[in-house]
>>> print(open('final-v8.cif').read())   # mmCIF, C-alpha atoms and all ligand atoms
data_coords
#
loop_
_atom_site.label_atom_id
_atom_site.label_comp_id
_atom_site.auth_asym_id
_atom_site.auth_seq_id
_atom_site.Cartn_x
_atom_site.Cartn_y
_atom_site.Cartn_z
CA MET C 1 -8.76 -10.15 42.79
CA ILE C 2 -7.46 -12.33 39.99
CA ASP C 3 -7.32 -10.90 36.49
CA PHE C 4 -5.91 -12.87 33.59
CA ASN C 5 -6.31 -10.00 31.13
CA LEU C 6 -3.16 -8.36 29.87
CA SER C 7 -3.27 -4.57 29.87
CA GLU C 8 -3.30 -2.73 26.54
CA GLU C 9 0.38 -1.89 27.05
CA GLN C 10 1.21 -5.54 27.73
CA GLN C 11 -0.69 -6.66 24.65
CA ALA C 12 1.26 -4.10 22.62
CA LEU C 13 4.57 -5.34 24.08
CA GLN C 14 3.59 -8.92 23.34
CA SER C 15 2.72 -8.08 19.72
CA MET C 16 5.95 -6.12 19.26
CA ALA C 17 8.09 -8.94 20.68
CA ARG C 18 6.18 -11.55 18.64
CA GLU C 19 6.66 -9.57 15.45
CA PHE C 20 10.38 -9.15 16.18
CA ALA C 21 10.72 -12.87 16.87
CA LEU C 22 8.89 -13.86 13.70
CA LYS C 23 10.52 -11.30 11.43
CA GLU C 24 14.09 -11.12 12.72
CA MET C 25 14.80 -14.20 14.79
CA ARG C 26 12.94 -17.22 13.44
CA PRO C 27 13.91 -16.80 9.76
CA ASN C 28 17.58 -16.56 10.81
CA ALA C 29 17.55 -19.14 13.60
CA ALA C 30 18.88 -22.03 11.47
CA LYS C 31 21.67 -19.88 10.02
CA TYR C 32 23.02 -18.81 13.42
CA ASP C 33 22.43 -22.26 14.86
CA LYS C 34 25.43 -23.35 12.79
CA GLY C 35 27.45 -21.43 15.37
CA ASP C 36 29.96 -19.92 12.90
CA GLU C 37 28.71 -16.41 13.27
CA PHE C 38 27.27 -14.21 16.03
CA PRO C 39 23.90 -12.57 15.19
CA GLU C 40 25.33 -9.06 15.54
CA GLU C 41 22.79 -7.32 13.28
CA ILE C 42 19.82 -8.94 15.02
CA MET C 43 21.20 -7.97 18.42
CA LYS C 44 21.59 -4.40 17.17
CA LYS C 45 17.91 -4.41 16.22
CA ALA C 46 17.03 -6.00 19.59
CA PHE C 47 18.85 -3.14 21.31
CA GLU C 48 17.02 -0.56 19.18
CA ALA C 49 13.71 -2.22 20.04
CA GLY C 50 14.60 -1.85 23.74
CA PHE C 51 14.75 -5.57 24.61
CA MET C 52 18.35 -5.45 25.87
CA THR C 53 17.66 -2.81 28.53
CA CYS C 54 14.00 -3.32 29.31
CA ASN C 55 14.70 -4.24 32.95
CA ILE C 56 16.67 -1.03 33.62
CA PRO C 57 14.44 1.61 35.27
CA GLN C 58 13.45 4.60 33.16
CA GLU C 59 15.35 6.98 35.45
CA TYR C 60 18.55 5.32 34.20
CA GLY C 61 17.40 5.37 30.60
CA GLY C 62 15.97 1.84 30.34
CA GLY C 63 12.49 0.55 29.59
CA GLY C 64 11.48 0.22 33.25
CA LEU C 65 9.32 -2.82 32.52
CA SER C 66 7.70 -4.95 35.19
CA GLU C 67 8.64 -8.59 35.75
CA LEU C 68 5.37 -9.68 34.16
CA ASP C 69 6.13 -7.53 31.10
CA ILE C 70 9.56 -9.16 30.90
CA ALA C 71 8.06 -12.66 31.22
CA ILE C 72 5.71 -11.88 28.32
CA ILE C 73 8.59 -10.63 26.15
CA SER C 74 10.85 -13.56 27.14
CA GLU C 75 8.30 -16.11 25.96
CA GLU C 76 8.02 -14.39 22.58
CA LEU C 77 11.74 -13.96 21.99
CA ALA C 78 12.55 -17.54 22.98
CA ALA C 79 9.76 -18.68 20.65
CA GLY C 80 11.79 -17.00 17.90
CA CYS C 81 15.23 -18.38 18.80
CA ALA C 82 16.35 -19.61 22.21
CA GLY C 83 20.02 -18.91 21.48
CA MET C 84 19.41 -15.26 20.63
CA PHE C 85 17.07 -14.96 23.62
CA THR C 86 19.90 -16.24 25.84
CA THR C 87 22.24 -13.44 24.75
CA ILE C 88 19.60 -10.86 25.63
CA MET C 89 18.53 -12.54 28.87
CA ALA C 90 22.12 -13.04 30.11
CA THR C 91 22.76 -9.33 29.67
CA SER C 92 19.76 -8.37 31.77
CA LEU C 93 20.71 -11.08 34.29
CA ALA C 94 24.02 -9.28 34.84
CA PHE C 95 22.21 -5.97 35.37
CA ILE C 96 20.14 -7.36 38.24
CA PRO C 97 22.86 -7.47 40.96
CA ILE C 98 23.55 -3.81 40.14
CA LEU C 99 19.84 -2.96 40.17
CA LEU C 100 19.23 -4.80 43.45
CA PHE C 101 22.39 -3.92 45.35
CA GLY C 102 24.13 -1.05 43.52
CA THR C 103 24.27 2.50 44.82
CA ASP C 104 22.76 5.28 42.67
CA GLU C 105 26.26 6.13 41.53
CA GLN C 106 27.00 2.52 40.55
CA LYS C 107 23.73 2.31 38.63
CA GLU C 108 24.55 5.50 36.76
CA THR C 109 28.12 4.47 36.03
CA PHE C 110 27.48 0.89 34.98
CA LEU C 111 23.96 0.82 33.55
CA ILE C 112 23.42 4.10 31.71
CA PRO C 113 26.06 3.33 29.03
CA PHE C 114 24.07 0.21 28.07
CA THR C 115 21.01 2.33 27.39
CA LYS C 116 22.94 4.60 25.02
CA LYS C 117 24.87 2.05 22.97
CA LYS C 118 24.38 -1.65 22.32
CA GLY C 119 26.44 -3.74 24.69
CA PHE C 120 26.41 -7.08 26.45
CA ALA C 121 27.01 -8.04 30.07
CA SER C 122 27.92 -11.26 31.88
CA PHE C 123 27.02 -12.79 35.23
CA CYS C 124 30.13 -14.68 36.31
CA LEU C 125 29.34 -17.15 39.08
CA THR C 126 30.12 -20.65 37.81
CA GLU C 127 33.56 -22.22 38.16
CA ARG C 128 34.87 -25.66 37.31
CA GLU C 129 34.51 -26.77 40.95
CA ALA C 130 31.63 -24.45 41.81
CA GLY C 131 28.58 -25.22 39.66
CA SER C 132 25.53 -26.28 41.66
CA ASP C 133 27.64 -25.66 44.78
CA ALA C 134 27.87 -21.99 43.87
CA GLY C 135 29.29 -21.05 47.28
CA ALA C 136 32.47 -23.07 46.60
CA THR C 137 33.95 -20.18 44.59
CA LYS C 138 37.76 -20.26 44.38
CA THR C 139 38.33 -17.03 42.45
CA ARG C 140 40.04 -14.60 44.82
CA ALA C 141 39.74 -10.85 45.22
CA VAL C 142 42.45 -9.44 47.47
CA ARG C 143 42.18 -5.90 48.78
CA ASP C 144 45.15 -3.70 47.91
CA ALA C 145 44.61 -0.15 49.19
CA ASP C 146 41.63 1.19 47.23
CA HIS C 147 41.58 -1.67 44.72
CA TYR C 148 40.72 -5.36 44.55
CA VAL C 149 43.11 -7.65 42.70
CA ILE C 150 41.21 -10.56 41.20
CA ASN C 151 42.78 -13.90 40.27
CA GLY C 152 41.03 -17.07 39.18
CA SER C 153 38.74 -18.36 36.47
CA LYS C 154 35.09 -18.86 35.56
CA CYS C 155 33.49 -21.26 33.11
CA PHE C 156 30.34 -21.61 30.98
CA ILE C 157 29.96 -17.83 31.00
CA THR C 158 27.22 -16.63 28.66
CA ASN C 159 28.39 -13.56 26.71
CA GLY C 160 31.90 -14.20 28.13
CA GLY C 161 33.63 -13.28 24.88
CA ILE C 162 31.44 -10.33 23.92
CA ALA C 163 30.59 -8.60 27.20
CA ASP C 164 31.49 -5.03 28.03
CA LEU C 165 30.93 -5.58 31.73
CA TYR C 166 31.22 -8.58 34.05
CA VAL C 167 29.68 -9.07 37.49
CA VAL C 168 32.20 -11.37 39.13
CA PHE C 169 31.75 -13.40 42.30
CA ALA C 170 35.05 -13.79 44.13
CA LEU C 171 36.27 -14.71 47.59
CA THR C 172 37.38 -11.71 49.59
CA ASP C 173 37.62 -13.73 52.81
CA PRO C 174 38.35 -17.44 52.23
CA GLU C 175 38.07 -18.21 55.97
CA LYS C 176 34.38 -17.36 55.85
CA GLY C 177 33.38 -19.66 52.96
CA ILE C 178 29.99 -18.69 51.52
CA ARG C 179 29.94 -15.57 53.71
CA GLY C 180 33.34 -14.57 52.31
CA VAL C 181 32.14 -14.19 48.70
CA SER C 182 31.77 -10.71 47.22
CA ALA C 183 30.23 -9.36 44.01
CA ILE C 184 32.48 -7.03 42.03
CA VAL C 185 31.87 -5.25 38.72
CA VAL C 186 34.71 -5.63 36.23
CA PRO C 187 34.71 -3.60 33.01
CA ARG C 188 35.88 -5.48 29.91
CA GLU C 189 38.88 -3.27 29.19
CA THR C 190 40.49 -3.96 32.59
CA PRO C 191 44.01 -5.36 32.05
CA GLY C 192 44.32 -9.02 33.02
CA MET C 193 40.86 -10.04 31.76
CA VAL C 194 41.53 -13.00 29.49
CA ILE C 195 38.79 -14.59 27.40
CA GLY C 196 39.19 -18.36 27.19
CA LYS C 197 37.95 -20.74 24.55
CA GLU C 198 34.46 -20.43 23.17
CA GLU C 199 32.39 -23.53 23.97
CA ASP C 200 30.97 -25.65 21.15
CA LYS C 201 27.47 -26.32 22.50
CA LEU C 202 24.63 -28.73 21.70
CA GLY C 203 22.07 -25.92 21.51
CA HIS C 204 21.71 -22.14 21.92
CA ARG C 205 24.43 -21.98 19.31
CA ALA C 206 23.65 -18.37 18.42
CA SER C 207 24.89 -17.41 21.90
CA ASN C 208 28.46 -16.97 23.07
CA THR C 209 29.76 -19.08 25.98
CA THR C 210 33.36 -18.95 27.12
CA GLU C 211 35.81 -19.52 29.93
CA LEU C 212 37.21 -16.41 31.61
CA PHE C 213 40.54 -15.94 33.33
CA PHE C 214 41.44 -13.18 35.76
CA GLU C 215 45.15 -12.46 35.94
CA ASP C 216 45.85 -9.75 38.51
CA VAL C 217 42.75 -7.85 37.43
CA ARG C 218 42.70 -4.58 39.40
CA VAL C 219 39.39 -2.84 39.92
CA PRO C 220 38.52 0.02 42.28
CA VAL C 221 36.87 -0.86 45.59
CA ALA C 222 34.04 1.40 44.35
CA ASN C 223 33.07 -1.51 42.07
CA LEU C 224 32.04 -3.70 45.01
CA LEU C 225 28.29 -4.36 45.11
CA ALA C 226 26.60 -4.38 48.51
CA LYS C 227 29.16 -5.21 51.20
CA GLU C 228 32.12 -7.54 51.35
CA GLY C 229 30.88 -11.05 52.10
CA MET C 230 27.40 -10.45 50.70
CA GLY C 231 28.17 -11.87 47.27
CA PHE C 232 26.39 -15.19 47.78
CA ILE C 233 23.20 -13.42 48.84
CA VAL C 234 23.56 -11.07 45.84
CA ALA C 235 23.78 -14.12 43.56
CA MET C 236 20.84 -15.93 45.18
CA LYS C 237 18.56 -12.88 45.15
CA THR C 238 19.46 -12.28 41.51
CA LEU C 239 18.67 -15.86 40.54
CA ASP C 240 15.39 -15.73 42.48
CA LYS C 241 14.38 -12.94 40.14
CA THR C 242 15.62 -14.30 36.86
CA ARG C 243 14.73 -17.97 36.98
CA ALA C 244 11.11 -17.30 36.04
CA SER C 245 12.27 -15.85 32.72
CA VAL C 246 13.97 -19.17 31.93
CA GLY C 247 10.57 -20.77 32.57
CA ALA C 248 9.10 -18.21 30.15
CA ALA C 249 11.69 -19.23 27.57
CA GLY C 250 10.63 -22.85 28.11
CA VAL C 251 7.04 -21.84 27.35
CA GLY C 252 8.22 -20.06 24.20
CA VAL C 253 10.25 -23.02 22.91
CA ALA C 254 7.45 -25.48 23.70
CA ARG C 255 4.85 -23.23 22.06
CA THR C 256 6.87 -23.09 18.85
CA ALA C 257 7.22 -26.88 18.85
CA LEU C 258 3.46 -27.26 19.35
CA GLU C 259 2.70 -24.79 16.55
CA TYR C 260 4.91 -26.71 14.12
CA ALA C 261 3.44 -30.02 15.29
CA VAL C 262 -0.17 -28.86 14.78
CA ASP C 263 0.61 -27.57 11.27
CA TYR C 264 2.37 -30.77 10.37
CA ALA C 265 -0.34 -33.03 11.81
CA LYS C 266 -2.98 -31.22 9.74
CA THR C 267 -1.12 -31.54 6.46
CA ARG C 268 0.71 -34.88 6.79
CA LYS C 269 -1.48 -37.70 5.49
CA GLN C 270 -0.98 -41.37 6.34
CA PHE C 271 -3.46 -44.23 5.93
CA GLY C 272 -5.60 -41.88 3.84
CA LYS C 273 -6.15 -39.05 6.32
CA PRO C 274 -4.31 -36.23 8.10
CA VAL C 275 -2.44 -37.65 11.12
CA ALA C 276 -4.19 -34.98 13.27
CA LEU C 277 -7.32 -37.13 12.97
CA PHE C 278 -5.71 -40.04 14.79
CA GLN C 279 -6.68 -39.96 18.44
CA ASN C 280 -3.12 -40.64 19.58
CA THR C 281 -1.96 -37.46 17.80
CA GLY C 282 -4.82 -35.38 19.16
CA PHE C 283 -4.20 -36.56 22.72
CA LYS C 284 -0.50 -35.77 22.44
CA LEU C 285 -1.21 -32.27 21.14
CA ALA C 286 -3.75 -31.78 23.93
CA GLN C 287 -1.18 -32.84 26.52
CA MET C 288 1.37 -30.39 25.12
CA ALA C 289 -1.16 -27.53 25.10
CA MET C 290 -2.21 -28.30 28.67
CA GLU C 291 1.36 -28.36 30.00
CA ILE C 292 2.32 -25.18 28.14
CA ASN C 293 -0.64 -23.35 29.68
CA ALA C 294 0.23 -24.64 33.15
CA ALA C 295 3.85 -23.57 32.72
CA ARG C 296 2.83 -20.09 31.58
CA HIS C 297 0.62 -19.66 34.63
CA LEU C 298 3.50 -20.62 36.94
CA VAL C 299 5.74 -18.10 35.17
CA TRP C 300 3.21 -15.29 35.33
CA HIS C 301 2.44 -16.01 38.98
CA ALA C 302 6.14 -15.88 39.93
CA ALA C 303 6.53 -12.63 37.96
CA TRP C 304 3.42 -11.18 39.60
CA LEU C 305 4.83 -12.00 43.07
CA MET C 306 8.05 -10.19 42.15
CA ASP C 307 6.10 -7.16 40.96
CA GLN C 308 4.24 -7.15 44.30
CA GLY C 309 7.58 -7.26 46.14
CA LYS C 310 6.59 -10.59 47.70
CA PRO C 311 8.92 -13.56 48.32
CA CYS C 312 9.23 -15.52 45.09
CA GLY C 313 12.20 -17.91 45.43
CA LYS C 314 10.10 -21.08 45.48
CA GLU C 315 7.68 -19.92 42.78
CA SER C 316 10.48 -18.70 40.53
CA ALA C 317 12.21 -22.09 40.91
CA MET C 318 8.90 -23.85 40.12
CA ALA C 319 8.41 -21.73 37.01
CA LYS C 320 11.96 -22.40 35.81
CA CYS C 321 11.87 -26.11 36.53
CA PHE C 322 8.39 -26.81 35.15
CA GLY C 323 8.74 -24.48 32.16
CA SER C 324 12.01 -26.04 31.04
CA ASP C 325 10.77 -29.60 31.68
CA VAL C 326 7.72 -28.82 29.54
CA ALA C 327 10.01 -27.45 26.82
CA MET C 328 11.96 -30.72 26.88
CA SER C 329 8.98 -33.08 26.90
CA THR C 330 7.05 -31.05 24.29
CA THR C 331 9.97 -30.84 21.86
CA ILE C 332 10.66 -34.58 22.19
CA GLU C 333 6.99 -35.45 21.56
CA ALA C 334 6.65 -32.93 18.74
CA LEU C 335 9.78 -34.28 17.07
CA GLN C 336 8.37 -37.81 17.34
CA LEU C 337 5.23 -36.64 15.61
CA PHE C 338 7.34 -35.50 12.67
CA GLY C 339 8.82 -39.01 12.45
CA GLY C 340 11.99 -39.22 10.33
CA TYR C 341 11.57 -35.60 9.20
CA GLY C 342 11.83 -34.43 12.78
CA TYR C 343 15.30 -35.93 13.03
CA MET C 344 16.58 -34.06 9.97
CA ARG C 345 18.34 -30.73 10.22
CA ASP C 346 16.23 -29.39 7.34
CA TYR C 347 13.30 -29.28 9.77
CA PRO C 348 13.16 -27.06 12.86
CA MET C 349 12.30 -29.76 15.40
CA GLU C 350 15.75 -31.06 16.31
CA LYS C 351 17.03 -27.53 17.08
CA LEU C 352 14.11 -26.90 19.40
CA MET C 353 14.88 -30.14 21.23
CA ARG C 354 18.58 -29.26 21.57
CA ASP C 355 17.68 -25.75 22.76
CA ALA C 356 15.20 -27.07 25.33
CA LYS C 357 17.93 -29.13 27.02
CA LEU C 358 19.96 -26.14 28.18
CA LEU C 359 16.91 -24.59 29.85
CA GLN C 360 16.93 -27.55 32.25
CA ILE C 361 20.58 -26.89 33.07
CA TYR C 362 21.47 -23.20 33.16
CA GLU C 363 20.55 -20.68 35.88
CA GLY C 364 20.64 -23.63 38.26
CA THR C 365 19.93 -27.19 37.16
CA ASN C 366 16.40 -28.45 37.64
CA GLU C 367 17.77 -30.63 40.45
CA ILE C 368 18.79 -27.42 42.24
CA GLN C 369 15.34 -25.96 41.57
CA ARG C 370 13.78 -29.04 43.18
CA LEU C 371 16.15 -28.62 46.12
CA VAL C 372 15.11 -24.98 46.55
CA ILE C 373 11.42 -25.92 46.31
CA SER C 374 11.72 -28.92 48.62
CA ARG C 375 13.51 -26.92 51.30
CA GLU C 376 10.59 -24.50 51.41
CA VAL C 377 7.96 -27.21 51.20
CA ILE C 378 9.52 -29.24 54.02
CA GLY C 379 10.49 -26.25 56.16
CA PRO C 380 12.43 -26.62 59.41
CA ILE C 381 12.76 -30.12 60.94
CA LYS C 382 12.94 -30.18 64.73
N1 LIG C 401 17.80 -15.42 49.12
C1 LIG C 401 18.47 -14.91 50.18
N2 LIG C 401 19.38 -15.62 50.88
C2 LIG C 401 19.61 -16.89 50.50
C3 LIG C 401 18.94 -17.48 49.40
C4 LIG C 401 18.00 -16.70 48.72
N3 LIG C 401 17.31 -17.17 47.68
N4 LIG C 401 19.38 -18.74 49.26
C5 LIG C 401 20.29 -18.94 50.23
N5 LIG C 401 20.43 -17.82 50.96
C6 LIG C 401 21.28 -17.62 52.15
C7 LIG C 401 20.90 -18.59 53.24
O1 LIG C 401 19.88 -18.06 54.06
C8 LIG C 401 22.18 -18.76 53.97
O2 LIG C 401 22.40 -17.64 54.81
P1 LIG C 401 22.90 -17.87 56.33
O3 LIG C 401 24.27 -18.45 56.19
O4 LIG C 401 22.85 -16.51 56.89
O5 LIG C 401 21.91 -18.83 56.94
C9 LIG C 401 23.25 -18.67 52.87
O6 LIG C 401 22.63 -17.97 51.79
C10 LIG C 401 23.67 -20.03 52.39
O7 LIG C 401 22.52 -20.70 51.94
P2 LIG C 401 22.40 -22.28 51.87
O8 LIG C 401 22.84 -22.87 53.17
O9 LIG C 401 21.03 -22.60 51.38
O10 LIG C 401 23.52 -22.60 50.77
P3 LIG C 401 23.84 -23.95 50.04
O11 LIG C 401 25.30 -24.05 49.91
O12 LIG C 401 23.08 -25.07 50.62
O13 LIG C 401 23.35 -23.64 48.52
C11 LIG C 401 21.88 -23.49 46.68
C12 LIG C 401 22.15 -23.19 48.14
C13 LIG C 401 22.12 -24.93 46.30
C14 LIG C 401 20.41 -23.14 46.49
C15 LIG C 401 22.77 -22.54 45.80
O14 LIG C 401 24.13 -22.90 45.90
C16 LIG C 401 22.37 -22.53 44.33
O15 LIG C 401 21.40 -21.87 43.95
N6 LIG C 401 23.12 -23.24 43.48
C17 LIG C 401 22.92 -23.20 42.05
C18 LIG C 401 23.71 -22.08 41.46
C19 LIG C 401 23.21 -21.69 40.12
O16 LIG C 401 22.04 -21.45 39.91
N7 LIG C 401 24.13 -21.61 39.17
C20 LIG C 401 23.79 -21.23 37.85
C21 LIG C 401 24.85 -20.40 37.27
S1 LIG C 401 24.50 -18.75 37.33
S2 LIG C 401 23.60 -18.45 35.62
#
>>> encode(input="final-v8.cif", output="structure tokens")
Amino acid sequence: MIDFNLSEEQQALQSMAREFALKEMRPNAAKYDKGDEFPEEIMKKAFEAGFMTCNIPQEYGGGGLSELDIAIISEELAAGCAGMFTTIMATSLAFIPILLFGTDEQKETFLIPFTKKKGFASFCLTEREAGSDAGATKTRAVRDADHYVINGSKCFITNGGIADLYVVFALTDPEKGIRGVSAIVVPRETPGMVIGKEEDKLGHRASNTTELFFEDVRVPVANLLAKEGMGFIVAMKTLDKTRASVGAAGVGVARTALEYAVDYAKTRKQFGKPVALFQNTGFKLAQMAMEINAARHLVWHAAWLMDQGKPCGKESAMAKCFGSDVAMSTTIEALQLFGGYGYMRDYPMEKLMRDAKLLQIYEGTNEIQRLVISREVIGPIK
């Protein structure tokens, strides 16, 4: 049975997230886009509203929301400000390896504190030489009695400078390559954790992105997730789950661009009439609306598969890839519709376009998404 109705609870969540985005995020988006200041107060309110911990099960004090619920919220928050959304999403991304592979004790130790007090977390996979080729990790974790000693570095880490907890992917057995990577939880206060420079980014400027250095960072073996050598699988399974929410963010960014474009087209007059009455404008708006709807359906389908416990790697990659491509094309077209005004910082269009770009890059570039999809589409070759 197919049902496109949202439940009453989902409609309430959607309204709450939309109100938060419109009241707290959107009016402050331009201010934090300058990148001089972190939106601490807004994040505090996001924590109080439950957005930061909504993917943590209720038994550990979180919201216990379904993937579809999270997709609905993600669209709304990203429609408010993609940079602020990224801070929230990156925190829940780092919870997922613990949720999927942690023991009960690890979940209690690492997740419950986040439900009691506002905090941020970081998923630390990418390195200078290990971006799309995520298995090429060089960071080392060497066993020393009942500890691991971690040395190496990570780059482009969202929340790197503000996180209280890091999930770090490091080689425990270099001989084994991809099968020698392990996932280890590192609390912020561990000696040897060095925060590198904060990146000056094109978009998502309300979010914090840094390098990280590990200098003889000692953590108990109890912080290992799953088993030694399972780190790559931990990372892949995590990304399978989270990529759809990047697609949802793409829908949110594109939807905002369309809303602004429709308003502008109805009020901007040229050649004696509103530009919305020119067929070229109408067709462009129709195209945007069509693609946004298609992207949302891909996102919701991927989320639904996850909620059913069904395989979702391909569908999650499709949702991420299509949703972020739609965000890019919609923001470019919407900016064009604004003409010269669209190019000016006084108007919201150029920020939306800059924000859309990162959605095509992070959590696996769209080229990687196409690789993941194509491998499944083609299947084994004899
Ligand atoms: N779920 C479970 N297992 C998976 C998996 C998945 N989604 N994807 C791969 N694996 C397993 C494979 O089955 C394989 O296991 P075996 O060795 O037992 O056969 C192993 O992992 C290696 O997989 P594969 O051969 O496909 O690895 P590749 O090096 O070809 O890389 C890609 C796979 C490119 C998909 C991966 O490196 C990737 O996703 N890169 C992008 C990383 C990324 O998203 N970075 C963003 C930063 S994090 S925000």
>>> residues_around(input="final-v8.cif", residues="Ala294 of chain C", least_positions_apart="2", cutoff="10 Å", atoms="all atoms listed in the file", output="NGL selection string")
:C and (251 or 288-292 or 296-299 or 319 or 322-323 or 326)
>>> closest_atom_pairs(input="final-v8.cif", of="chain C", to="ligand LIG 401 (chain C)", cutoff="6 Å", atoms="all atoms listed in the file", output="CSV")
residue,atom,partner,partner_atom,distance
C:Leu125,CA,C:LIG401,S1,5.4
C:Thr126,CA,C:LIG401,C21,5.3
C:Gly131,CA,C:LIG401,N7,5.8
C:Ser132,CA,C:LIG401,C17,4.1
C:Asp133,CA,C:LIG401,O14,4.6
C:Ala134,CA,C:LIG401,O14,4.4
C:Gly135,CA,C:LIG401,O11,5.6
C:Ile233,CA,C:LIG401,N2,4.9
C:Met236,CA,C:LIG401,N3,4.5
C:Lys237,CA,C:LIG401,N1,4.8
C:Asp240,CA,C:LIG401,N3,5.7
C:Gly313,CA,C:LIG401,N3,5.6
C:Tyr362,CA,C:LIG401,C20,5.6
C:Glu363,CA,C:LIG401,S2,3.8
C:Gly364,CA,C:LIG401,O16,3.1
C:Ile368,CA,C:LIG401,C13,5.8
C:Val372,CA,C:LIG401,C14,5.6
>>> write_last_selection(input="final-v8.cif", atoms="C-alpha atoms", output="compact mmCIF listing (two decimals), keeping the file's coordinate frame")
# COMPACT_ATOMS: atom_id res chain seq x y z
CA LEU C 125 29.34 -17.15 39.08
CA THR C 126 30.12 -20.65 37.81
CA GLY C 131 28.58 -25.22 39.66
CA SER C 132 25.53 -26.28 41.66
CA ASP C 133 27.64 -25.66 44.78
CA ALA C 134 27.87 -21.99 43.87
CA GLY C 135 29.29 -21.05 47.28
CA ILE C 233 23.20 -13.42 48.84
CA MET C 236 20.84 -15.93 45.18
CA LYS C 237 18.56 -12.88 45.15
CA ASP C 240 15.39 -15.73 42.48
CA GLY C 313 12.20 -17.91 45.43
CA TYR C 362 21.47 -23.20 33.16
CA GLU C 363 20.55 -20.68 35.88
CA GLY C 364 20.64 -23.63 38.26
CA ILE C 368 18.79 -27.42 42.24
CA VAL C 372 15.11 -24.98 46.55
>>> atom_distance(input="final-v8.cif", atom1="atom CA of Thr281 of chain C", atom2="atom CA of Leu202 of chain C")
28.3 Å
>>> closest_residue(input="final-v8.cif", among="C:Ile361, C:Ala145, C:Leu93, C:Ala206", to="Tyr166 of chain C", atoms="all atoms listed in the file")
C:Leu93
>>> atom_distance(input="final-v8.cif", atom1="atom CA of Met349 of chain C", atom2="atom CA of His301 of chain C")
29.0 Å
>>> atom_distance(input="final-v8.cif", atom1="atom CA of Ala94 of chain C", atom2="atom CA of Leu371 of chain C")
23.7 Å
>>> residues_around(input="final-v8.cif", residues="Ala90 of chain C", least_positions_apart="3", cutoff="9 Å", atoms="all atoms listed in the file", output="short mmCIF file (atom, residue, chain, number, x, y, z; two decimals) with C-alpha atoms, in the frame of the given file")
data_model
loop_
_atom_site.label_atom_id
_atom_site.label_comp_id
_atom_site.auth_asym_id
_atom_site.auth_seq_id
_atom_site.Cartn_x
_atom_site.Cartn_y
_atom_site.Cartn_z
CA PHE C 85 17.07 -14.96 23.62
CA THR C 86 19.90 -16.24 25.84
CA THR C 87 22.24 -13.44 24.75
CA LEU C 93 20.71 -11.08 34.29
CA ALA C 94 24.02 -9.28 34.84
CA PHE C 95 22.21 -5.97 35.37
CA PHE C 120 26.41 -7.08 26.45
CA ALA C 121 27.01 -8.04 30.07
CA SER C 122 27.92 -11.26 31.88
CA PHE C 123 27.02 -12.79 35.23
CA THR C 158 27.22 -16.63 28.66
CA ASN C 159 28.39 -13.56 26.71
#
>>> closest_residue(input="final-v8.cif", among="C:Ile157, C:Val219, C:Ile88, C:Ile96", to="Ala141 of chain C", atoms="all atoms listed in the file")
C:Val219
>>> closest_residue(input="final-v8.cif", among="C:Leu212, C:Ser207, C:Leu22, C:Phe51", to="Ile195 of chain C", atoms="all atoms listed in the file")
C:Leu212
>>> closest_residue(input="final-v8.cif", among="C:Ile150, C:Met89, C:Ile373, C:Leu352", to="Gly192 of chain C", atoms="all atoms listed in the file")
C:Ile150
